[in-house]
>>> print(open('input-v3.csv').read())   # CSV, C-alpha atoms
chain,number,residue,atom,x,y,z
S,1,MET,CA,1.1,-4.5,40.4
S,2,GLN,CA,-0.6,-3.0,37.3
S,3,ASP,CA,-3.9,-4.7,36.5
S,4,GLU,CA,-3.3,-6.8,33.4
S,5,ALA,CA,-6.8,-6.0,32.1
S,6,LEU,CA,-5.9,-2.2,32.2
S,7,THR,CA,-2.5,-2.6,30.5
S,8,ALA,CA,-2.6,-1.4,26.9
S,9,ARG,CA,-0.8,-3.7,24.5
S,10,VAL,CA,0.7,-2.4,21.2
S,11,GLY,CA,1.9,-4.6,18.3
S,12,LEU,CA,5.1,-3.0,17.2
S,13,ARG,CA,5.8,-3.2,13.4
S,14,ILE,CA,9.1,-2.0,11.9
S,15,ASP,CA,9.2,-1.4,8.2
S,16,VAL,CA,12.6,-1.5,6.6
S,17,ASP,CA,12.3,0.0,3.1
S,18,THR,CA,15.8,1.0,2.0
S,19,PHE,CA,19.5,0.2,1.9
S,20,ARG,CA,20.4,2.9,4.4
S,21,GLY,CA,17.5,2.0,6.6
S,22,THR,CA,18.8,-1.5,6.8
S,23,ARG,CA,22.5,-0.6,7.2
S,24,ASP,CA,22.0,2.2,9.8
S,25,GLY,CA,18.5,2.1,11.1
S,26,VAL,CA,18.2,-1.6,11.9
S,27,PRO,CA,21.2,-2.0,14.2
S,28,ALA,CA,20.3,1.2,16.0
S,29,LEU,CA,16.7,0.0,16.6
S,30,LEU,CA,18.0,-3.4,17.7
S,31,ASP,CA,20.1,-1.7,20.3
S,32,VAL,CA,17.2,0.5,21.5
S,33,LEU,CA,14.8,-2.4,21.7
S,34,ALA,CA,17.3,-4.5,23.6
S,35,THR,CA,17.8,-1.7,26.1
S,36,HIS,CA,14.0,-1.7,26.7
S,37,GLY,CA,13.5,-5.4,26.6
S,38,ILE,CA,11.1,-5.2,23.7
S,39,ARG,CA,10.5,-7.6,20.8
S,40,ALA,CA,8.9,-6.4,17.6
S,41,THR,CA,8.1,-7.5,14.0
S,42,PHE,CA,10.5,-6.4,11.3
S,43,PHE,CA,9.4,-6.4,7.7
S,44,PHE,CA,12.4,-6.3,5.3
S,45,SER,CA,12.7,-5.1,1.7
S,46,VAL,CA,15.3,-7.5,0.3
S,47,GLY,CA,15.9,-6.6,-3.4
S,48,PRO,CA,17.1,-3.4,-5.2
S,49,ASP,CA,16.7,-0.1,-3.5
S,50,ASN,CA,15.1,2.2,-6.1
S,51,MET,CA,13.3,4.5,-3.7
S,52,GLY,CA,14.7,7.6,-5.4
S,53,ARG,CA,12.3,7.0,-8.3
S,54,HIS,CA,9.5,8.2,-6.0
S,55,LEU,CA,10.7,11.7,-6.7
S,56,TRP,CA,8.7,11.7,-9.9
S,57,ARG,CA,5.7,11.7,-7.6
S,58,LEU,CA,6.6,15.3,-6.7
S,59,LEU,CA,4.5,16.2,-9.8
S,60,ARG,CA,1.5,15.2,-7.7
S,61,PRO,CA,0.5,18.1,-5.4
S,62,THR,CA,-0.6,15.9,-2.5
S,63,PHE,CA,2.8,14.1,-2.5
S,64,LEU,CA,4.7,17.3,-2.7
S,65,VAL,CA,2.8,18.8,0.2
S,66,LYS,CA,3.6,15.7,2.3
S,67,MET,CA,7.3,15.9,1.5
S,68,ILE,CA,7.4,19.6,2.5
S,69,ARG,CA,5.3,19.0,5.6
S,70,SER,CA,7.5,16.2,6.9
S,71,ASN,CA,10.7,18.0,5.9
S,72,ALA,CA,11.6,14.9,3.9
S,73,ALA,CA,15.2,15.9,2.9
S,74,SER,CA,16.2,16.3,6.5
S,75,LEU,CA,14.1,13.3,7.7
S,76,TYR,CA,15.3,10.7,5.2
S,77,GLY,CA,18.6,12.1,3.8
S,78,LEU,CA,19.5,12.7,0.2
S,79,ASP,CA,21.0,9.2,-0.2
S,80,ILE,CA,17.6,7.7,0.4
S,81,LEU,CA,15.7,10.2,-1.7
S,82,LEU,CA,18.0,9.8,-4.7
S,83,ARG,CA,18.8,6.0,-4.5
S,84,GLY,CA,18.2,4.3,-7.8
S,85,LEU,CA,16.9,7.5,-9.5
S,86,PHE,CA,19.3,7.4,-12.4
S,87,TRP,CA,20.8,4.0,-12.1
S,88,PRO,CA,19.7,0.6,-10.6
S,89,GLY,CA,19.8,0.6,-6.9
S,90,PRO,CA,22.0,-1.8,-4.8
S,91,ASN,CA,20.6,-5.1,-3.6
S,92,ILE,CA,19.7,-4.8,0.1
S,93,GLY,CA,19.6,-8.4,1.0
S,94,ARG,CA,22.9,-9.2,-0.7
S,95,ALA,CA,24.7,-6.4,1.1
S,96,HIS,CA,23.0,-6.6,4.6
S,97,GLY,CA,21.6,-10.1,5.0
S,98,GLU,CA,23.6,-10.5,8.2
S,99,LEU,CA,21.5,-7.7,9.8
S,100,MET,CA,18.4,-9.6,8.9
S,101,ARG,CA,19.8,-12.7,10.5
S,102,ARG,CA,20.8,-10.8,13.5
S,103,THR,CA,17.3,-9.4,13.9
S,104,ALA,CA,15.9,-13.0,13.9
S,105,ASP,CA,18.6,-14.2,16.2
S,106,GLU,CA,17.8,-11.5,18.8
S,107,GLY,CA,14.2,-12.9,19.0
S,108,HIS,CA,12.3,-10.5,16.8
S,109,GLU,CA,9.7,-11.7,14.3
S,110,VAL,CA,10.9,-11.3,10.7
S,111,GLY,CA,8.7,-11.0,7.6
S,112,ILE,CA,8.9,-9.9,4.0
S,113,HIS,CA,8.0,-6.4,3.0
S,114,ALA,CA,8.9,-6.4,-0.7
S,115,TRP,CA,11.4,-7.4,-3.3
S,116,ASP,CA,11.5,-3.9,-4.8
S,117,HIS,CA,9.7,-1.5,-2.5
S,118,HIS,CA,9.4,1.2,-5.2
S,119,ALA,CA,8.1,-1.2,-7.9
S,120,TRP,CA,5.5,-2.6,-5.6
S,121,GLN,CA,4.2,0.8,-4.5
S,122,ALA,CA,4.2,2.1,-8.1
S,123,LYS,CA,2.9,-0.9,-10.0
S,124,SER,CA,1.3,-3.6,-7.9
S,125,ASP,CA,-2.2,-2.1,-8.5
S,126,HIS,CA,-1.9,-2.9,-12.2
S,127,MET,CA,0.3,-6.1,-12.2
S,128,SER,CA,-1.0,-9.3,-13.7
S,129,GLU,CA,-1.4,-12.4,-11.6
S,130,SER,CA,1.9,-13.8,-13.0
S,131,ASP,CA,3.8,-10.6,-12.4
S,132,LEU,CA,2.5,-10.4,-8.8
S,133,ASP,CA,3.5,-14.0,-8.2
S,134,ARG,CA,7.0,-13.4,-9.6
S,135,GLU,CA,7.4,-10.3,-7.4
S,136,ILE,CA,6.2,-12.0,-4.3
S,137,SER,CA,8.2,-15.1,-4.9
S,138,ARG,CA,11.5,-13.2,-5.5
S,139,GLY,CA,11.1,-11.5,-2.1
S,140,VAL,CA,10.0,-14.6,-0.2
S,141,ASP,CA,12.7,-16.8,-1.7
S,142,ALA,CA,15.4,-14.2,-1.1
S,143,LEU,CA,14.5,-13.6,2.6
S,144,GLN,CA,14.2,-17.4,3.2
S,145,GLY,CA,17.6,-17.9,1.7
S,146,ILE,CA,19.0,-15.2,3.9
S,147,LEU,CA,17.4,-16.5,7.1
S,148,GLY,CA,17.7,-20.1,6.4
S,149,SER,CA,14.2,-20.6,7.6
S,150,ARG,CA,10.6,-20.2,6.4
S,151,VAL,CA,9.0,-16.8,6.3
S,152,SER,CA,5.7,-16.8,8.1
S,153,CYS,CA,4.4,-13.2,7.7
S,154,SER,CA,4.3,-10.4,5.2
S,155,ALA,CA,3.3,-6.7,4.9
S,156,SER,CA,2.7,-5.2,1.4
S,157,ALA,CA,4.8,-2.1,0.8
S,158,GLY,CA,2.9,1.1,1.3
S,159,TRP,CA,-0.2,-0.8,2.2
S,160,LYS,CA,-0.7,-1.4,-1.5
S,161,CYS,CA,-2.9,-4.5,-1.7
S,162,ASN,CA,-6.1,-5.8,-3.3
S,163,GLU,CA,-8.0,-9.0,-3.5
S,164,THR,CA,-5.7,-10.3,-6.4
S,165,VAL,CA,-2.7,-9.8,-4.1
S,166,LEU,CA,-4.4,-11.6,-1.3
S,167,ALA,CA,-5.1,-14.6,-3.6
S,168,ALA,CA,-1.5,-14.5,-4.9
S,169,LYS,CA,-0.2,-14.7,-1.3
S,170,GLN,CA,-2.3,-17.7,-0.4
S,171,LYS,CA,0.1,-20.3,-1.8
S,172,TYR,CA,2.8,-19.3,0.8
S,173,ALA,CA,0.6,-20.5,3.7
S,174,MET,CA,1.8,-17.8,6.1
S,175,ARG,CA,0.5,-17.3,9.6
S,176,TYR,CA,-0.7,-13.7,8.8
S,177,HIS,CA,-0.3,-10.7,6.7
S,178,SER,CA,-0.4,-7.0,7.6
S,179,ASP,CA,-1.4,-5.4,4.3
S,180,CYS,CA,-4.0,-2.9,5.3
S,181,ARG,CA,-5.1,-0.2,7.7
S,182,GLY,CA,-8.1,-0.9,10.0
S,183,THR,CA,-9.3,-1.5,13.5
S,184,SER,CA,-9.4,-5.2,14.2
S,185,ILE,CA,-7.8,-8.6,13.2
S,186,PHE,CA,-9.9,-10.3,10.6
S,187,VAL,CA,-10.0,-13.1,8.0
S,188,PRO,CA,-10.6,-11.6,4.5
S,189,ASP,CA,-13.3,-13.0,2.3
S,190,VAL,CA,-12.3,-12.9,-1.3
S,191,ARG,CA,-15.1,-14.1,-3.7
S,192,GLY,CA,-16.4,-16.5,-1.1
S,193,GLU,CA,-13.0,-17.9,-0.1
S,194,THR,CA,-11.4,-17.1,3.3
S,195,MET,CA,-7.8,-15.9,3.2
S,196,THR,CA,-4.9,-15.7,5.6
S,197,PRO,CA,-5.7,-13.5,8.7
S,198,GLN,CA,-4.9,-9.8,8.4
S,199,ILE,CA,-3.4,-7.7,11.3
S,200,PRO,CA,-4.1,-4.2,10.2
S,201,VAL,CA,-2.2,-1.1,11.3
S,202,THR,CA,-4.4,1.0,13.5
S,203,LEU,CA,-2.2,4.0,14.5
S,204,PRO,CA,-0.7,6.7,12.3
S,205,THR,CA,2.9,6.9,11.3
S,206,TYR,CA,5.3,9.8,11.9
S,207,ASP,CA,5.1,11.2,8.4
S,208,GLU,CA,1.3,11.0,8.3
S,209,ILE,CA,0.6,13.3,11.3
S,210,ILE,CA,3.8,15.4,11.8
S,211,GLY,CA,3.0,19.0,10.8
S,212,ARG,CA,-0.7,18.5,10.8
S,213,ASN,CA,-3.2,19.7,13.4
S,214,GLY,CA,-0.5,21.2,15.5
S,215,VAL,CA,1.5,17.9,15.9
S,216,ASN,CA,5.3,18.4,16.1
S,217,ASP,CA,8.2,16.6,17.7
S,218,ASP,CA,7.4,18.1,21.1
S,219,ASN,CA,3.9,16.5,21.3
S,220,PHE,CA,4.2,13.6,18.8
S,221,ASN,CA,4.8,10.9,21.4
S,222,ALA,CA,1.9,12.0,23.5
S,223,THR,CA,-0.3,12.2,20.5
S,224,ILE,CA,0.3,8.6,19.6
S,225,LEU,CA,0.1,7.3,23.2
S,226,ASP,CA,-3.2,9.2,23.8
S,227,SER,CA,-4.6,7.0,20.9
S,228,VAL,CA,-3.6,3.7,22.6
S,229,ARG,CA,-6.5,2.0,24.4
S,230,PRO,CA,-6.5,-1.3,26.4
S,231,ASP,CA,-9.9,-2.3,24.9
S,232,GLN,CA,-8.9,-2.0,21.2
S,233,LEU,CA,-6.4,-3.4,18.8
S,234,ASN,CA,-3.3,-1.2,18.8
S,235,VAL,CA,-0.7,-1.7,16.0
S,236,LEU,CA,2.0,0.9,15.4
S,237,THR,CA,4.3,1.1,12.4
S,238,ILE,CA,7.7,2.8,12.6
S,239,HIS,CA,10.3,3.0,9.9
S,240,ALA,CA,14.0,2.1,10.2
S,241,GLU,CA,14.7,5.2,8.0
S,242,VAL,CA,12.9,7.5,10.5
S,243,GLU,CA,12.8,6.2,14.1
S,244,GLY,CA,16.1,4.3,13.5
S,245,ILE,CA,18.1,7.3,12.2
S,246,ALA,CA,16.9,10.9,12.3
S,247,LYS,CA,14.2,10.3,15.1
S,248,ARG,CA,16.0,7.7,17.1
S,249,GLU,CA,16.1,9.8,20.3
S,250,LEU,CA,12.4,10.7,19.8
S,251,PHE,CA,11.6,7.0,19.6
S,252,ASP,CA,13.7,6.2,22.7
S,253,ASP,CA,11.7,8.9,24.5
S,254,PHE,CA,8.5,7.3,23.2
S,255,LEU,CA,9.4,3.9,24.7
S,256,ASN,CA,10.2,5.6,28.1
S,257,ALA,CA,6.9,7.5,28.0
S,258,ALA,CA,5.0,4.3,27.0
S,259,ALA,CA,6.6,2.4,29.9
S,260,ALA,CA,5.4,5.1,32.3
S,261,ARG,CA,1.9,4.6,31.0
S,262,HIS,CA,2.2,0.8,31.4
S,263,VAL,CA,2.0,0.2,27.7
S,264,ARG,CA,3.4,-3.2,26.6
S,265,PHE,CA,4.9,-4.0,23.2
S,266,SER,CA,4.9,-7.3,21.3
S,267,PRO,CA,5.5,-8.7,17.8
S,268,LEU,CA,2.3,-8.8,15.7
S,269,GLY,CA,2.2,-12.6,15.7
S,270,ASP,CA,1.6,-12.5,19.5
S,271,LEU,CA,-1.5,-10.5,18.9
S,272,LEU,CA,-2.8,-13.2,16.6
S,273,GLU,CA,-2.3,-15.8,19.3
S,274,ALA,CA,-4.3,-13.8,21.7
S,275,ASN,CA,-7.4,-14.0,19.4
S,276,ALA,CA,-9.1,-17.4,19.6
S,277,ARG,CA,-12.0,-16.3,17.3
S,278,ILE,CA,-11.3,-14.1,14.3
S,279,PRO,CA,-14.2,-12.6,12.4
S,280,VAL,CA,-14.5,-12.7,8.6
S,281,GLY,CA,-14.2,-9.3,6.9
S,282,ARG,CA,-13.4,-7.6,3.6
S,283,ILE,CA,-10.8,-5.2,2.2
S,284,ARG,CA,-11.4,-2.2,0.0
S,285,GLN,CA,-9.4,0.6,-1.5
S,286,GLY,CA,-9.5,3.8,0.6
S,287,SER,CA,-7.4,6.6,2.0
S,288,VAL,CA,-5.7,7.5,5.3
S,289,PRO,CA,-5.3,11.1,6.5
S,290,GLY,CA,-1.8,12.4,5.8
S,291,ARG,CA,-0.9,9.6,3.3
S,292,GLU,CA,-0.9,10.2,-0.4
S,293,GLY,CA,-3.0,8.0,-2.7
S,294,ASN,CA,-5.2,5.0,-2.3
S,295,LEU,CA,-4.2,2.1,-0.2
S,296,CYS,CA,-5.8,-1.1,1.3
S,297,VAL,CA,-8.2,-0.6,4.2
S,298,GLN,CA,-10.4,-2.9,6.2
S,299,ALA,CA,-14.0,-2.5,5.0
S,300,ASN,CA,-16.3,-0.8,7.5
S,301,ALA,CA,-13.4,0.2,9.7
S,302,ARG,CA,-13.3,3.8,10.8
S,303,GLN,CA,-9.9,5.4,11.3
S,304,THR,CA,-9.6,6.8,14.9
S,305,TYR,CA,-7.4,9.7,14.1
S,306,GLU,CA,-7.7,12.8,11.9
>>> encode(input="input-v3.csv", output="structure tokens")
Amino acid sequence: MQDEALTARVGLRIDVDTFRGTRDGVPALLDVLATHGIRATFFFSVGPDNMGRHLWRLLRPTFLVKMIRSNAASLYGLDILLRGLFWPGPNIGRAHGELMRRTADEGHEVGIHAWDHHAWQAKSDHMSESDLDREISRGVDALQGILGSRVSCSASAGWKCNETVLAAKQKYAMRYHSDCRGTSIFVPDVRGETMTPQIPVTLPTYDEIIGRNGVNDDNFNATILDSVRPDQLNVLTIHAEVEGIAKRELFDDFLNAAAARHVRFSPLGDLLEANARIPVGRIRQGSVPGREGNLCVQANARQTYE
């Protein structure tokens, strides 16, 4: 039997950003995970799908380069890239709430990603406290209404988070948040007050490393698995729009390869339970290789990939 101490454990986080990702990607991923006997954490966007409005970011050279490098039109599909660009996007939770309930019913952890994913990514850095509270409340209330139960975890869309956001989330008394990139679980200190624990994402996403440093679909899975270590926090984010649709077979291959390496997957909340003592830390604004713009990172944490 494989020595438990040498078995690498990966917290599997699934971000669901869009109408199509919920409709098509979520049921596909639920089937794949059931086949492999894996439970994960799903973070849902529940309000309008206005992701097409990100196309205006093509005016930024770094975003344009990323879209070309990841072959975004093929990866995401035009319905995702144009959704809500010229007219208000459809309400995801209203149309596909049953898939969110199915996810919870099948034993997966379910948390809130955003009310309006695009609005959060584009505007949360500059929102007032009242606007932040309204945006968070709309998402939490909608998801709780869909599930019929309390939401106990969240993940800021696009890792867009700051100390004001952390303070705004405190009133919801959740078990944890996953708002940043980093290397270890920590309790943020905000102006001398300790906040809800953070479980940062430690591993790169598909769109961050594909097409960089020789990474392609042939070696992507090995690249990620080579970064997994039994003596460190391993948290991987996949997207329903990517691994649930265009790269579903690649993800299935990834799970098979992970099993061969004795890698175990679990919801993020299980990682929290495994840490009896959680250190206090700080967040800051920083960058991640392959991702455009500033985002929330764990202070003093060094990314392990380039």
>>> residues_around(input="input-v3.csv", residues="segment 244-261 of chain S", least_positions_apart="4", cutoff="8 Å", atoms="only C-alpha atoms", output="MDAnalysis selection string")
chainID S and resid 21 24:26 28:29 32 36 74:76 217 221 225 239:240
>>> closest_residue(input="input-v3.csv", among="S:Gly192, S:Gly97, S:Gly211, S:Pro197", to="Arg175 of chain S", atoms="only C-alpha atoms")
S:Pro197
>>> residues_around(input="input-v3.csv", residues="Arg134 of chain S", least_positions_apart="3", cutoff="12 Å", atoms="only C-alpha atoms", output="list in words")
Ala114, Trp115, Asp116, Trp120, Ser124, Met127, Ser128, Glu129, Ser130, Asp131, Ser137, Arg138, Gly139, Val140, Asp141, Ala142, Val165, Ala168 and Lys169 of chain S
>>> atom_distance(input="input-v3.csv", atom1="atom CA of His117 of chain S", atom2="atom CA of Ile185 of chain S")
24.6 Å
>>> closest_residue(input="input-v3.csv", among="S:Ala104, S:Met51, S:Leu236, S:Ile199", to="Asp270 of chain S", atoms="only C-alpha atoms")
S:Ile199
>>> closest_residue(input="input-v3.csv", among="S:Val46, S:Val242, S:Ala8, S:Ile14", to="Asn91 of chain S", atoms="all atoms listed in the file")
S:Val46
>>> closest_residue(input="input-v3.csv", among="S:Lys160, S:Leu233, S:His177, S:Gln198", to="Glu292 of chain S", atoms="all atoms listed in the file")
S:Lys160
>>> closest_residue(input="input-v3.csv", among="S:Leu268, S:Val288, S:Ile224, S:Ile38", to="Gly111 of chain S", atoms="all atoms listed in the file")
S:Leu268
>>> atom_distance(input="input-v3.csv", atom1="atom CA of Phe42 of chain S", atom2="atom CA of Ser266 of chain S")
11.5 Å
>>> atom_distance(input="input-v3.csv", atom1="atom CA of Ala274 of chain S", atom2="atom CA of Thr205 of chain S")
24.3 Å
>>> residues_around(input="input-v3.csv", residues="Glu106 of chain S", least_positions_apart="4", cutoff="12 Å", atoms="all atoms listed in the file", output="list in words")
Pro27, Leu29, Leu30, Asp31, Leu33, Ala34, Gly37, Ile38, Arg39, Ala40, Thr41, Phe42, Leu99, Met100, Arg101, Arg102 and Val110 of chain S
>>> closest_residue(input="input-v3.csv", among="S:Leu12, S:Leu147, S:Ile112, S:Leu203", to="Thr183 of chain S", atoms="all atoms listed in the file")
S:Leu203
>>> residues_around(input="input-v3.csv", residues="Arg282 of chain S", least_positions_apart="2", cutoff="12 Å", atoms="all atoms listed in the file", output="mmCIF file with C-alpha atoms, in the frame of the given file")
data_model
loop_
_atom_site.group_PDB
_atom_site.id
_atom_site.type_symbol
_atom_site.label_atom_id
_atom_site.label_comp_id
_atom_site.auth_asym_id
_atom_site.auth_seq_id
_atom_site.Cartn_x
_atom_site.Cartn_y
_atom_site.Cartn_z
ATOM 1 C CA ASN S 162 -6.100 -5.800 -3.300
ATOM 2 C CA GLU S 163 -8.000 -9.000 -3.500
ATOM 3 C CA LEU S 166 -4.400 -11.600 -1.300
ATOM 4 C CA CYS S 180 -4.000 -2.900 5.300
ATOM 5 C CA ARG S 181 -5.100 -0.200 7.700
ATOM 6 C CA GLY S 182 -8.100 -0.900 10.000
ATOM 7 C CA SER S 184 -9.400 -5.200 14.200
ATOM 8 C CA ILE S 185 -7.800 -8.600 13.200
ATOM 9 C CA PHE S 186 -9.900 -10.300 10.600
ATOM 10 C CA VAL S 187 -10.000 -13.100 8.000
ATOM 11 C CA PRO S 188 -10.600 -11.600 4.500
ATOM 12 C CA ASP S 189 -13.300 -13.000 2.300
ATOM 13 C CA VAL S 190 -12.300 -12.900 -1.300
ATOM 14 C CA ARG S 191 -15.100 -14.100 -3.700
ATOM 15 C CA GLY S 192 -16.400 -16.500 -1.100
ATOM 16 C CA GLU S 193 -13.000 -17.900 -0.100
ATOM 17 C CA THR S 194 -11.400 -17.100 3.300
ATOM 18 C CA MET S 195 -7.800 -15.900 3.200
ATOM 19 C CA THR S 196 -4.900 -15.700 5.600
ATOM 20 C CA PRO S 197 -5.700 -13.500 8.700
ATOM 21 C CA GLN S 198 -4.900 -9.800 8.400
ATOM 22 C CA PRO S 200 -4.100 -4.200 10.200
ATOM 23 C CA PRO S 279 -14.200 -12.600 12.400
ATOM 24 C CA VAL S 280 -14.500 -12.700 8.600
ATOM 25 C CA ARG S 284 -11.400 -2.200 0.000
ATOM 26 C CA GLN S 285 -9.400 0.600 -1.500
ATOM 27 C CA CYS S 296 -5.800 -1.100 1.300
ATOM 28 C CA VAL S 297 -8.200 -0.600 4.200
ATOM 29 C CA GLN S 298 -10.400 -2.900 6.200
ATOM 30 C CA ALA S 299 -14.000 -2.500 5.000
ATOM 31 C CA ASN S 300 -16.300 -0.800 7.500
ATOM 32 C CA ALA S 301 -13.400 0.200 9.700
#
>>> build_atoms(input="input-v3.csv", residues="segment 96-116 of chain S", atoms="N, CA and C atoms", output="PDB file, keeping the file's coordinate frame")
ATOM      1  N   HIS S  96      23.268  -6.683   3.119  1.00  0.00           N
ATOM      2  CA  HIS S  96      23.000  -6.600   4.600  1.00  0.00           C
ATOM      3  C   HIS S  96      22.193  -7.746   5.110  1.00  0.00           C
ATOM      4  N   GLY S  97      22.337  -8.901   4.484  1.00  0.00           N
ATOM      5  CA  GLY S  97      21.600 -10.100   5.000  1.00  0.00           C
ATOM      6  C   GLY S  97      21.980 -10.426   6.411  1.00  0.00           C
ATOM      7  N   GLU S  98      23.212 -10.135   6.813  1.00  0.00           N
ATOM      8  CA  GLU S  98      23.600 -10.500   8.200  1.00  0.00           C
ATOM      9  C   GLU S  98      22.819  -9.702   9.217  1.00  0.00           C
ATOM     10  N   LEU S  99      22.369  -8.492   8.871  1.00  0.00           N
ATOM     11  CA  LEU S  99      21.500  -7.700   9.800  1.00  0.00           C
ATOM     12  C   LEU S  99      20.140  -8.309   9.908  1.00  0.00           C
ATOM     13  N   MET S 100      19.652  -8.892   8.832  1.00  0.00           N
ATOM     14  CA  MET S 100      18.400  -9.600   8.900  1.00  0.00           C
ATOM     15  C   MET S 100      18.457 -10.819   9.745  1.00  0.00           C
ATOM     16  N   ARG S 101      19.562 -11.544   9.600  1.00  0.00           N
ATOM     17  CA  ARG S 101      19.800 -12.700  10.500  1.00  0.00           C
ATOM     18  C   ARG S 101      19.944 -12.323  11.912  1.00  0.00           C
ATOM     19  N   ARG S 102      20.657 -11.229  12.152  1.00  0.00           N
ATOM     20  CA  ARG S 102      20.800 -10.800  13.500  1.00  0.00           C
ATOM     21  C   ARG S 102      19.488 -10.420  14.156  1.00  0.00           C
ATOM     22  N   THR S 103      18.604  -9.797  13.371  1.00  0.00           N
ATOM     23  CA  THR S 103      17.300  -9.400  13.900  1.00  0.00           C
ATOM     24  C   THR S 103      16.520 -10.665  14.350  1.00  0.00           C
ATOM     25  N   ALA S 104      16.535 -11.721  13.541  1.00  0.00           N
ATOM     26  CA  ALA S 104      15.900 -13.000  13.900  1.00  0.00           C
ATOM     27  C   ALA S 104      16.562 -13.611  15.116  1.00  0.00           C
ATOM     28  N   ASP S 105      17.887 -13.600  15.119  1.00  0.00           N
ATOM     29  CA  ASP S 105      18.600 -14.200  16.200  1.00  0.00           C
ATOM     30  C   ASP S 105      18.383 -13.541  17.549  1.00  0.00           C
ATOM     31  N   GLU S 106      18.053 -12.254  17.520  1.00  0.00           N
ATOM     32  CA  GLU S 106      17.800 -11.500  18.800  1.00  0.00           C
ATOM     33  C   GLU S 106      16.332 -11.667  19.218  1.00  0.00           C
ATOM     34  N   GLY S 107      15.583 -12.547  18.574  1.00  0.00           N
ATOM     35  CA  GLY S 107      14.200 -12.900  19.000  1.00  0.00           C
ATOM     36  C   GLY S 107      13.109 -12.105  18.442  1.00  0.00           C
ATOM     37  N   HIS S 108      13.387 -11.302  17.427  1.00  0.00           N
ATOM     38  CA  HIS S 108      12.300 -10.500  16.800  1.00  0.00           C
ATOM     39  C   HIS S 108      11.686 -11.365  15.660  1.00  0.00           C
ATOM     40  N   GLU S 109      10.429 -11.078  15.393  1.00  0.00           N
ATOM     41  CA  GLU S 109       9.700 -11.700  14.300  1.00  0.00           C
ATOM     42  C   GLU S 109      10.173 -11.029  12.990  1.00  0.00           C
ATOM     43  N   VAL S 110      10.442 -11.813  11.952  1.00  0.00           N
ATOM     44  CA  VAL S 110      10.900 -11.300  10.700  1.00  0.00           C
ATOM     45  C   VAL S 110      10.016 -11.703   9.548  1.00  0.00           C
ATOM     46  N   GLY S 111       9.571 -10.734   8.755  1.00  0.00           N
ATOM     47  CA  GLY S 111       8.700 -11.000   7.600  1.00  0.00           C
ATOM     48  C   GLY S 111       9.156 -10.277   6.384  1.00  0.00           C
ATOM     49  N   ILE S 112       8.502 -10.568   5.264  1.00  0.00           N
ATOM     50  CA  ILE S 112       8.900  -9.900   4.000  1.00  0.00           C
ATOM     51  C   ILE S 112       7.996  -8.701   3.746  1.00  0.00           C
ATOM     52  N   HIS S 113       8.662  -7.626   3.369  1.00  0.00           N
ATOM     53  CA  HIS S 113       8.000  -6.400   3.000  1.00  0.00           C
ATOM     54  C   HIS S 113       7.834  -6.300   1.503  1.00  0.00           C
ATOM     55  N   ALA S 114       8.973  -6.439   0.807  1.00  0.00           N
ATOM     56  CA  ALA S 114       8.900  -6.400  -0.700  1.00  0.00           C
ATOM     57  C   ALA S 114      10.254  -6.860  -1.233  1.00  0.00           C
ATOM     58  N   TRP S 115      10.208  -7.249  -2.497  1.00  0.00           N
ATOM     59  CA  TRP S 115      11.400  -7.400  -3.300  1.00  0.00           C
ATOM     60  C   TRP S 115      11.960  -6.052  -3.646  1.00  0.00           C
ATOM     61  N   ASP S 116      11.188  -5.306  -4.427  1.00  0.00           N
ATOM     62  CA  ASP S 116      11.500  -3.900  -4.800  1.00  0.00           C
ATOM     63  C   ASP S 116      10.407  -3.043  -4.279  1.00  0.00           C
TER      64      ASP S 116
END
